[in-house]
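Before any comments, here is the structure.
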Amino acid sequence: MFQLMRRGRRAFASKLALSVVALSTALASPVLAAGKTLTAVMHSDLRIIDPIFTTAYITRDHGYMVYDTLIATDSNFKIQPQMADWKISDDKLTYTFTLRDGLKWHDGAPVTAEDCVASLKRWGAVDGMGQKLMDFTASIEATDAKTITLKLKEPYSLVLESIGKPSSRVAFMMPKRLAETPPDKQIPEQIGSGPFKFVQSEFQPGVKAVYVKNTDYVPRKEPSSWTSGGKVVKVDRVEWITMPDSQTAVNALQSGDIDFMENLPYDMLPVLEANKELTLEVSNKFGFQTLGRMNFLYPPFDNVKVRRAALLAMNQKDVLDALVGNPKYQKICGAFFVCDTPFASDAGAESLIKGSGMAEAKKLLAESGYDGTPVVVMAPGDVTTLKAQPIVAAQLLREAGFKVDLQATDWQTVVSRRASQKPPKEGGWNMFFTNWVAADVSNPIANLSIGGQGKKGGWFGWAEDAKIEQLKDAFVRAPSLDEQKKIATEIQKEAYEQVIYIPLGQYLLPSGWRKSLTGLLDGPATPVFWNVDKSE
């Protein structure tokens, strides 16, 4: 423990120094003098910049800067035109999307239907909703330069909701030459048609990412609403500055050295609320679900009895108290599909909600044949909303009788490492923790981590469960909401029985910005930086 603490202090000192360097580098940049520059500290450092390669939200946020979508979701949960309008045939089997005029890639080439077909296919190979859509799709073709025609094998009610969903993975459009990159490999360059251009020459992972206004972008005429409507860029340049230490970032926000901080630490809210120059607001009113995911490929979690012992050891209140510690922003919830939604249920969640499963966890682990194999838990220390979960979980697992190898790292390393199917002894892992925005887990098709596809197409951890996949098929064919609710409850029961993942509760997260910024939008995929203006 002493060595871990000592390593933690060295890592903190290193990150603090990096934060200071990042800030001084940003402030010294001569480009800042040219037009309006908005500086932001996001929830994580940006390293992976292919928004189809990963579900990481920082990469999704990068995607919204650079890329655009065919259709999008507004604040009334309605799908709206974005790059394209659409028509649906009377038999509900053919969807025709027509690109609007004036669309150009950042390299000046026109956006074509062939580009969009390739983009949809790449997205559909890896996204949960995209995969299910592709199961029902007979063909996707470019029938002319501006027309994408999607034909179904049978009617499917979630076509538009899938292509227009606001969060990971988003169906971002990119040039065909990039979209033809296999989805398990990252695209070689960042060329989109979105409202900002990525400045590759200034990209310094661990320091900053830079975006400039796309002066060729033609916004829609409608008002901005969530990820839909007119994406009007009112600043010339946006810089994401990496500051792993939240105290450094808070100080920079208060002094005016940065304009925006995505994740405010809960323990510093009273001080920030007293600052008259700041606006504090929860932009994502639907909040987040936090969860633990196990690796099904290797011991000990290839054994369902061991997974159940780990589930029984968990306690949502302990996790939320350590993560948030403020009843205003946290909620105990055993629903896989989020509380206060049509598909919410407590089925199977009793021990998590009540924190009453430790005795049974010890008993089941002893009966399971667990041989003391170390559980490799990845513990990122650079993201405010991901620090507490692995530490609390490790303590609870040890109490239940597990041997735990808690490995300190950063979030971008977790994002890369969780994709590895190597054994834990060869750089793999046994358990990691993450957060989903509510929009990403609110139904069985959107919820990527509830899948049971295994190694082929499954989410990190590679759970294999044919029953869940059969129930998901039944869900999308269900004739009524009542029938869908019944099926969603059956999916949840199976997910708890097999411990597909461990939901650890819900929380809200406030952001903060200088009052010199106006026009920040709310929504389930915030922050976005179009519509934002900055006064001098």
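A note on labels: chains of the structure tokens are A, B, ... as shown, every chain counts residues from 1, and ligands are counted from 1 in their shown order.
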
>> as a VMD selection string, please: the residues near Leu278 (chain A) (cut-off 9 Å, only C-alpha atoms, same-chain neighbours under 6 positions excluded).
In response: chain A and resid 253 to 254 272 512 to 516

Output file for the residues above (all heavy atoms, as a compact mmCIF listing (two decimals), in the first residue's frame):
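Final output, again.txt:
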# COMPACT_ATOMS: atom_id res chain seq x y z
N LEU A 253 -9.87 28.02 -14.04
CA LEU A 253 -11.21 28.52 -14.36
C LEU A 253 -11.53 29.78 -13.57
O LEU A 253 -12.05 30.76 -14.11
CB LEU A 253 -12.24 27.43 -14.05
CG LEU A 253 -13.71 27.78 -14.33
CD1 LEU A 253 -13.94 27.97 -15.82
CD2 LEU A 253 -14.63 26.68 -13.79
N GLN A 254 -11.18 29.78 -12.31
CA GLN A 254 -11.49 30.94 -11.46
C GLN A 254 -10.68 32.17 -11.85
O GLN A 254 -11.16 33.31 -11.77
CB GLN A 254 -11.26 30.59 -9.99
CG GLN A 254 -12.24 29.55 -9.46
CD GLN A 254 -12.41 29.65 -7.95
OE1 GLN A 254 -13.34 30.26 -7.46
NE2 GLN A 254 -11.47 29.05 -7.23
N LEU A 272 -16.89 27.30 -5.85
CA LEU A 272 -17.19 27.75 -7.21
C LEU A 272 -18.54 28.46 -7.27
O LEU A 272 -18.70 29.43 -8.02
CB LEU A 272 -17.18 26.55 -8.16
CG LEU A 272 -15.80 25.90 -8.37
CD1 LEU A 272 -15.94 24.55 -9.07
CD2 LEU A 272 -14.89 26.81 -9.16
N GLY A 512 -18.79 23.96 -15.47
CA GLY A 512 -18.64 25.37 -15.11
C GLY A 512 -17.97 26.14 -16.22
O GLY A 512 -17.11 25.61 -16.94
N TRP A 513 -18.39 27.40 -16.40
CA TRP A 513 -17.76 28.24 -17.42
C TRP A 513 -17.82 29.71 -17.03
O TRP A 513 -18.64 30.13 -16.20
CB TRP A 513 -18.39 28.02 -18.79
CG TRP A 513 -19.88 28.22 -18.88
CD1 TRP A 513 -20.54 29.38 -19.14
CD2 TRP A 513 -20.89 27.21 -18.74
NE1 TRP A 513 -21.89 29.18 -19.17
CE2 TRP A 513 -22.14 27.85 -18.94
CE3 TRP A 513 -20.87 25.84 -18.48
CZ2 TRP A 513 -23.35 27.15 -18.87
CZ3 TRP A 513 -22.07 25.16 -18.40
CH2 TRP A 513 -23.28 25.81 -18.60
N ARG A 514 -16.91 30.45 -17.59
CA ARG A 514 -16.87 31.90 -17.37
C ARG A 514 -18.13 32.54 -17.96
O ARG A 514 -18.66 32.09 -18.98
CB ARG A 514 -15.64 32.51 -18.05
CG ARG A 514 -14.31 31.89 -17.67
CD ARG A 514 -13.85 32.24 -16.28
NE ARG A 514 -13.72 33.68 -16.07
CZ ARG A 514 -13.39 34.23 -14.90
NH1 ARG A 514 -13.17 33.46 -13.85
NH2 ARG A 514 -13.27 35.53 -14.79
N LYS A 515 -18.60 33.60 -17.33
CA LYS A 515 -19.81 34.26 -17.83
C LYS A 515 -19.56 35.01 -19.13
O LYS A 515 -20.50 35.52 -19.74
CB LYS A 515 -20.39 35.18 -16.76
CG LYS A 515 -21.01 34.38 -15.62
CD LYS A 515 -21.84 35.22 -14.68
CE LYS A 515 -22.57 34.30 -13.68
NZ LYS A 515 -23.34 35.08 -12.68
N SER A 516 -18.31 35.04 -19.56
CA SER A 516 -18.01 35.59 -20.88
C SER A 516 -18.48 34.65 -22.00
O SER A 516 -18.55 35.06 -23.15
CB SER A 516 -16.50 35.84 -21.02
OG SER A 516 -15.77 34.66 -20.75

Within 9 Å of region 156-176 of chain A, which residues of region 26-126 of chain A show up? Give each one with its shortest atom-to-atom distance in Å (one decimal) and the two atoms involved, counting only C-alpha atoms, rows by chain then rising residue number, as a tab-separated table.
residue	atom	partner	partner_atom	distance
A:Pro51	CA	A:Arg169	CA	7.0
A:Ile52	CA	A:Arg169	CA	6.2
A:Phe53	CA	A:Arg169	CA	8.7
A:Thr54	CA	A:Arg169	CA	7.5
A:Thr55	CA	A:Ser168	CA	5.2
A:Ala56	CA	A:Ser168	CA	7.4
A:Tyr57	CA	A:Ser168	CA	6.9
A:Thr59	CA	A:Ser168	CA	9.0
A:Arg60	CA	A:Ser168	CA	6.3
A:Gly63	CA	A:Phe172	CA	7.2
A:Tyr64	CA	A:Phe172	CA	8.1
A:Tyr67	CA	A:Phe172	CA	5.8
A:Asp68	CA	A:Phe172	CA	5.7
A:Thr69	CA	A:Phe172	CA	5.0
A:Leu70	CA	A:Gly164	CA	7.2
A:Ile71	CA	A:Gly164	CA	4.9
A:Ala72	CA	A:Gly164	CA	4.3
A:Thr73	CA	A:Gly164	CA	6.0
A:Asp74	CA	A:Pro166	CA	9.0
A:Lys78	CA	A:Glu161	CA	8.5
A:Ile79	CA	A:Gly164	CA	6.4
A:Gln80	CA	A:Gly164	CA	8.1
A:Pro81	CA	A:Gly164	CA	9.0
A:Lys92	CA	A:Tyr156	CA	7.8
A:Leu93	CA	A:Tyr156	CA	8.0
A:Tyr95	CA	A:Val159	CA	8.5
A:Trp105	CA	A:Pro175	CA	7.4
A:Ala109	CA	A:Pro175	CA	9.0
A:Val111	CA	A:Pro175	CA	7.3
A:Thr112	CA	A:Pro175	CA	8.2
A:Glu114	CA	A:Lys176	CA	6.6
A:Asp115	CA	A:Lys176	CA	4.2
A:Cys116	CA	A:Met173	CA	5.7
A:Val117	CA	A:Lys176	CA	8.1
A:Ala118	CA	A:Lys176	CA	5.6
A:Ser119	CA	A:Met173	CA	5.4
A:Leu120	CA	A:Ala171	CA	6.5
A:Arg122	CA	A:Ala171	CA	8.9
A:Trp123	CA	A:Ala171	CA	5.9
A:Gly124	CA	A:Ala171	CA	8.1
A:Val126	CA	A:Arg169	CA	8.3

> For Lys362 (chain A), which residue out of A:Phe196, A:Val306, A:Lys185, A:Leu99 is the nearest one, using only C-alpha atoms?
Replying inline: A:Val306

> Could you pull out all residues of region 215-307 of chain A with a DSSP call of strand (DSSP E or B) and give them as number ranges by chain?
Replying inline: A: 225, 228, 237-241, 260-261, 278-281, 288-294

Residues near Leu396 (chain A), cut-off 10 Å, only C-alpha atoms, skip fewer than 2 positions along chain, as a PDB file with all heavy atoms, in the first residue's frame:
ATOM      1  N   ALA A 310     -18.795 -11.626  -7.128  1.00  0.00           N
ATOM      2  CA  ALA A 310     -18.349 -10.232  -7.262  1.00  0.00           C
ATOM      3  C   ALA A 310     -19.543  -9.284  -7.243  1.00  0.00           C
ATOM      4  O   ALA A 310     -19.500  -8.217  -6.608  1.00  0.00           O
ATOM      5  CB  ALA A 310     -17.547 -10.062  -8.547  1.00  0.00           C
ATOM      6  N   LEU A 312     -22.484  -9.797  -5.807  1.00  0.00           N
ATOM      7  CA  LEU A 312     -23.048  -9.761  -4.456  1.00  0.00           C
ATOM      8  C   LEU A 312     -22.193  -8.929  -3.500  1.00  0.00           C
ATOM      9  O   LEU A 312     -22.704  -8.372  -2.522  1.00  0.00           O
ATOM     10  CB  LEU A 312     -23.194 -11.189  -3.926  1.00  0.00           C
ATOM     11  CG  LEU A 312     -24.313 -12.017  -4.594  1.00  0.00           C
ATOM     12  CD1 LEU A 312     -24.116 -13.495  -4.311  1.00  0.00           C
ATOM     13  CD2 LEU A 312     -25.674 -11.539  -4.111  1.00  0.00           C
ATOM     14  N   ALA A 313     -20.902  -8.837  -3.789  1.00  0.00           N
ATOM     15  CA  ALA A 313     -20.008  -8.048  -2.924  1.00  0.00           C
ATOM     16  C   ALA A 313     -20.182  -6.550  -3.126  1.00  0.00           C
ATOM     17  O   ALA A 313     -19.817  -5.756  -2.253  1.00  0.00           O
ATOM     18  CB  ALA A 313     -18.561  -8.440  -3.189  1.00  0.00           C
ATOM     19  N   MET A 314     -20.730  -6.150  -4.275  1.00  0.00           N
ATOM     20  CA  MET A 314     -20.826  -4.732  -4.581  1.00  0.00           C
ATOM     21  C   MET A 314     -21.954  -4.046  -3.804  1.00  0.00           C
ATOM     22  O   MET A 314     -22.938  -4.668  -3.420  1.00  0.00           O
ATOM     23  CB  MET A 314     -21.053  -4.521  -6.081  1.00  0.00           C
ATOM     24  CG  MET A 314     -19.879  -4.914  -6.964  1.00  0.00           C
ATOM     25  SD  MET A 314     -18.367  -3.974  -6.671  1.00  0.00           S
ATOM     26  CE  MET A 314     -17.345  -5.256  -5.960  1.00  0.00           C
ATOM     27  N   ASN A 315     -21.822  -2.753  -3.628  1.00  0.00           N
ATOM     28  CA  ASN A 315     -22.760  -1.950  -2.846  1.00  0.00           C
ATOM     29  C   ASN A 315     -22.843  -0.574  -3.505  1.00  0.00           C
ATOM     30  O   ASN A 315     -21.869   0.187  -3.487  1.00  0.00           O
ATOM     31  CB  ASN A 315     -22.247  -1.853  -1.404  1.00  0.00           C
ATOM     32  CG  ASN A 315     -23.116  -1.015  -0.507  1.00  0.00           C
ATOM     33  OD1 ASN A 315     -23.857  -0.139  -0.950  1.00  0.00           O
ATOM     34  ND2 ASN A 315     -23.012  -1.269   0.785  1.00  0.00           N
ATOM     35  N   ASP A 318     -21.980   2.640  -1.305  1.00  0.00           N
ATOM     36  CA  ASP A 318     -20.557   2.874  -1.045  1.00  0.00           C
ATOM     37  C   ASP A 318     -19.882   3.517  -2.257  1.00  0.00           C
ATOM     38  O   ASP A 318     -19.066   4.435  -2.117  1.00  0.00           O
ATOM     39  CB  ASP A 318     -19.853   1.550  -0.720  1.00  0.00           C
ATOM     40  CG  ASP A 318     -20.201   1.037   0.667  1.00  0.00           C
ATOM     41  OD1 ASP A 318     -20.873   1.759   1.422  1.00  0.00           O
ATOM     42  OD2 ASP A 318     -19.811  -0.103   0.987  1.00  0.00           O
ATOM     43  N   MET A 358     -22.858  -9.251   1.031  1.00  0.00           N
ATOM     44  CA  MET A 358     -21.476  -9.644   1.310  1.00  0.00           C
ATOM     45  C   MET A 358     -21.367 -11.065   1.882  1.00  0.00           C
ATOM     46  O   MET A 358     -20.492 -11.844   1.473  1.00  0.00           O
ATOM     47  CB  MET A 358     -20.817  -8.645   2.253  1.00  0.00           C
ATOM     48  CG  MET A 358     -19.339  -8.921   2.508  1.00  0.00           C
ATOM     49  SD  MET A 358     -18.322  -8.935   0.986  1.00  0.00           S
ATOM     50  CE  MET A 358     -18.229  -7.157   0.653  1.00  0.00           C
ATOM     51  N   PRO A 390     -13.040   1.945  -8.976  1.00  0.00           N
ATOM     52  CA  PRO A 390     -12.139   0.807  -8.815  1.00  0.00           C
ATOM     53  C   PRO A 390     -11.586   0.661  -7.407  1.00  0.00           C
ATOM     54  O   PRO A 390     -11.358  -0.468  -6.940  1.00  0.00           O
ATOM     55  CB  PRO A 390     -11.019   1.085  -9.830  1.00  0.00           C
ATOM     56  CG  PRO A 390     -11.118   2.526 -10.166  1.00  0.00           C
ATOM     57  CD  PRO A 390     -12.543   2.902  -9.989  1.00  0.00           C
ATOM     58  N   ILE A 391     -11.387   1.775  -6.714  1.00  0.00           N
ATOM     59  CA  ILE A 391     -10.848   1.707  -5.355  1.00  0.00           C
ATOM     60  C   ILE A 391     -11.862   1.081  -4.401  1.00  0.00           C
ATOM     61  O   ILE A 391     -11.546   0.183  -3.611  1.00  0.00           O
ATOM     62  CB  ILE A 391     -10.428   3.112  -4.878  1.00  0.00           C
ATOM     63  CG1 ILE A 391      -9.268   3.628  -5.731  1.00  0.00           C
ATOM     64  CG2 ILE A 391     -10.045   3.086  -3.399  1.00  0.00           C
ATOM     65  CD1 ILE A 391      -8.918   5.080  -5.487  1.00  0.00           C
ATOM     66  N   VAL A 392     -13.116   1.543  -4.478  1.00  0.00           N
ATOM     67  CA  VAL A 392     -14.169   0.984  -3.629  1.00  0.00           C
ATOM     68  C   VAL A 392     -14.412  -0.480  -3.980  1.00  0.00           C
ATOM     69  O   VAL A 392     -14.537  -1.339  -3.101  1.00  0.00           O
ATOM     70  CB  VAL A 392     -15.469   1.801  -3.768  1.00  0.00           C
ATOM     71  CG1 VAL A 392     -16.608   1.139  -2.989  1.00  0.00           C
ATOM     72  CG2 VAL A 392     -15.253   3.221  -3.284  1.00  0.00           C
ATOM     73  N   ALA A 393     -14.487  -0.770  -5.289  1.00  0.00           N
ATOM     74  CA  ALA A 393     -14.738  -2.152  -5.718  1.00  0.00           C
ATOM     75  C   ALA A 393     -13.626  -3.088  -5.265  1.00  0.00           C
ATOM     76  O   ALA A 393     -13.891  -4.210  -4.819  1.00  0.00           O
ATOM     77  CB  ALA A 393     -14.882  -2.196  -7.237  1.00  0.00           C
ATOM     78  N   ALA A 394     -12.380  -2.633  -5.369  1.00  0.00           N
ATOM     79  CA  ALA A 394     -11.258  -3.465  -4.939  1.00  0.00           C
ATOM     80  C   ALA A 394     -11.369  -3.802  -3.457  1.00  0.00           C
ATOM     81  O   ALA A 394     -11.126  -4.945  -3.031  1.00  0.00           O
ATOM     82  CB  ALA A 394      -9.938  -2.756  -5.223  1.00  0.00           C
ATOM     83  N   ARG A 398     -11.924  -7.623  -2.058  1.00  0.00           N
ATOM     84  CA  ARG A 398     -10.997  -8.209  -1.075  1.00  0.00           C
ATOM     85  C   ARG A 398     -11.759  -8.705   0.151  1.00  0.00           C
ATOM     86  O   ARG A 398     -11.448  -9.776   0.702  1.00  0.00           O
ATOM     87  CB  ARG A 398      -9.937  -7.181  -0.682  1.00  0.00           C
ATOM     88  CG  ARG A 398      -8.917  -6.887  -1.774  1.00  0.00           C
ATOM     89  CD  ARG A 398      -7.876  -5.891  -1.303  1.00  0.00           C
ATOM     90  NE  ARG A 398      -6.896  -5.605  -2.344  1.00  0.00           N
ATOM     91  CZ  ARG A 398      -6.648  -4.389  -2.839  1.00  0.00           C
ATOM     92  NH1 ARG A 398      -7.302  -3.332  -2.367  1.00  0.00           N
ATOM     93  NH2 ARG A 398      -5.752  -4.217  -3.779  1.00  0.00           N
ATOM     94  N   GLU A 399     -12.743  -7.927   0.579  1.00  0.00           N
ATOM     95  CA  GLU A 399     -13.538  -8.330   1.739  1.00  0.00           C
ATOM     96  C   GLU A 399     -14.280  -9.642   1.471  1.00  0.00           C
ATOM     97  O   GLU A 399     -14.465 -10.462   2.382  1.00  0.00           O
ATOM     98  CB  GLU A 399     -14.538  -7.224   2.096  1.00  0.00           C
ATOM     99  CG  GLU A 399     -15.309  -7.490   3.379  1.00  0.00           C
ATOM    100  CD  GLU A 399     -16.261  -6.358   3.736  1.00  0.00           C
ATOM    101  OE1 GLU A 399     -16.086  -5.250   3.178  1.00  0.00           O
ATOM    102  OE2 GLU A 399     -17.169  -6.590   4.556  1.00  0.00           O
ATOM    103  N   ALA A 400     -14.672  -9.850   0.212  1.00  0.00           N
ATOM    104  CA  ALA A 400     -15.385 -11.075  -0.154  1.00  0.00           C
ATOM    105  C   ALA A 400     -14.451 -12.270  -0.296  1.00  0.00           C
ATOM    106  O   ALA A 400     -14.922 -13.410  -0.363  1.00  0.00           O
ATOM    107  CB  ALA A 400     -16.145 -10.858  -1.457  1.00  0.00           C
ATOM    108  N   GLY A 401     -13.128 -12.024  -0.374  1.00  0.00           N
ATOM    109  CA  GLY A 401     -12.182 -13.112  -0.478  1.00  0.00           C
ATOM    110  C   GLY A 401     -11.384 -13.152  -1.765  1.00  0.00           C
ATOM    111  O   GLY A 401     -10.581 -14.073  -1.976  1.00  0.00           O
ATOM    112  N   PHE A 402     -11.562 -12.158  -2.625  1.00  0.00           N
ATOM    113  CA  PHE A 402     -10.782 -12.088  -3.852  1.00  0.00           C
ATOM    114  C   PHE A 402      -9.384 -11.553  -3.572  1.00  0.00           C
ATOM    115  O   PHE A 402      -9.192 -10.725  -2.686  1.00  0.00           O
ATOM    116  CB  PHE A 402     -11.458 -11.154  -4.870  1.00  0.00           C
ATOM    117  CG  PHE A 402     -12.690 -11.695  -5.527  1.00  0.00           C
ATOM    118  CD1 PHE A 402     -13.941 -11.476  -4.961  1.00  0.00           C
ATOM    119  CD2 PHE A 402     -12.607 -12.410  -6.712  1.00  0.00           C
ATOM    120  CE1 PHE A 402     -15.093 -11.954  -5.563  1.00  0.00           C
ATOM    121  CE2 PHE A 402     -13.751 -12.888  -7.332  1.00  0.00           C
ATOM    122  CZ  PHE A 402     -14.998 -12.667  -6.757  1.00  0.00           C
TER     123      PHE A 402
END

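Taking only C-alpha atoms into account, Pro524 (chain A) lies nearest to A:Gly287 out of the set A:Pro182, A:Gly256, A:Gly287, A:Gly108.
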
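Candidate residues A:Gly372, A:Pro223, A:Pro155, A:Gly523 were compared for distance to Phe301 (chain A), and the nearest is A:Gly372, using only C-alpha atoms.
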
>> Taking 4 positions as the minimum chain separation for residues in the same chain, which residues sit within 6 Å of Val377 (chain A) when counting only C-alpha atoms? Answer as a list in words.
In response: Leu406, Met431 and Phe432 of chain A

Can you spit out the residues from that selection as a PDB file, in the first residue's frame, using N, CA and C atoms?
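Final output, saved to result-v5.pdb:
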ATOM      1  N   LEU A 406      -4.803  -4.067  -8.076  1.00  0.00           N
ATOM      2  CA  LEU A 406      -5.314  -2.758  -8.491  1.00  0.00           C
ATOM      3  C   LEU A 406      -4.196  -2.008  -9.193  1.00  0.00           C
ATOM      4  N   MET A 431     -11.103  -6.476 -14.974  1.00  0.00           N
ATOM      5  CA  MET A 431     -12.244  -5.627 -14.638  1.00  0.00           C
ATOM      6  C   MET A 431     -11.891  -4.158 -14.860  1.00  0.00           C
ATOM      7  N   PHE A 432     -12.855  -3.407 -15.403  1.00  0.00           N
ATOM      8  CA  PHE A 432     -12.705  -1.959 -15.484  1.00  0.00           C
ATOM      9  C   PHE A 432     -14.057  -1.313 -15.220  1.00  0.00           C
TER      10      PHE A 432
END

>> So, with only C-alpha atoms as the atoms that count, which of A:Ile258, A:Ala84, A:Leu386, A:Val415 lies closest to Lys146 (chain A)?
In response: A:Ala84

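Counting only C-alpha atoms, the residue from A:Lys36, A:His43, A:His106, A:Lys132 that sits nearest to Gln412 (chain A) is A:His43.
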
> Which residues in region 181-267 of chain A does DSSP call alpha helix (DSSP H)? List them as a PyMOL selection string.
Replying inline: chain A and resi 246-255

>> At a cut-off of 7 Å, using only C-alpha atoms, what residues contact Ala408 (chain A)? Leave out same-chain residues fewer than 6 positions from it and give the result as a list of chain:residue names.
In response: A:Met378, A:Ala379, A:Pro380, A:Gly381

>> Neighbouring residues of Lys472 (chain A) were defined as those with any atom within 8 Å, considering only C-alpha atoms; residues of the same chain fewer than 3 positions away were excluded. Please report them as a PyMOL selection string.
In response: chain A and resi 444-445+468-469+475-476+487+491
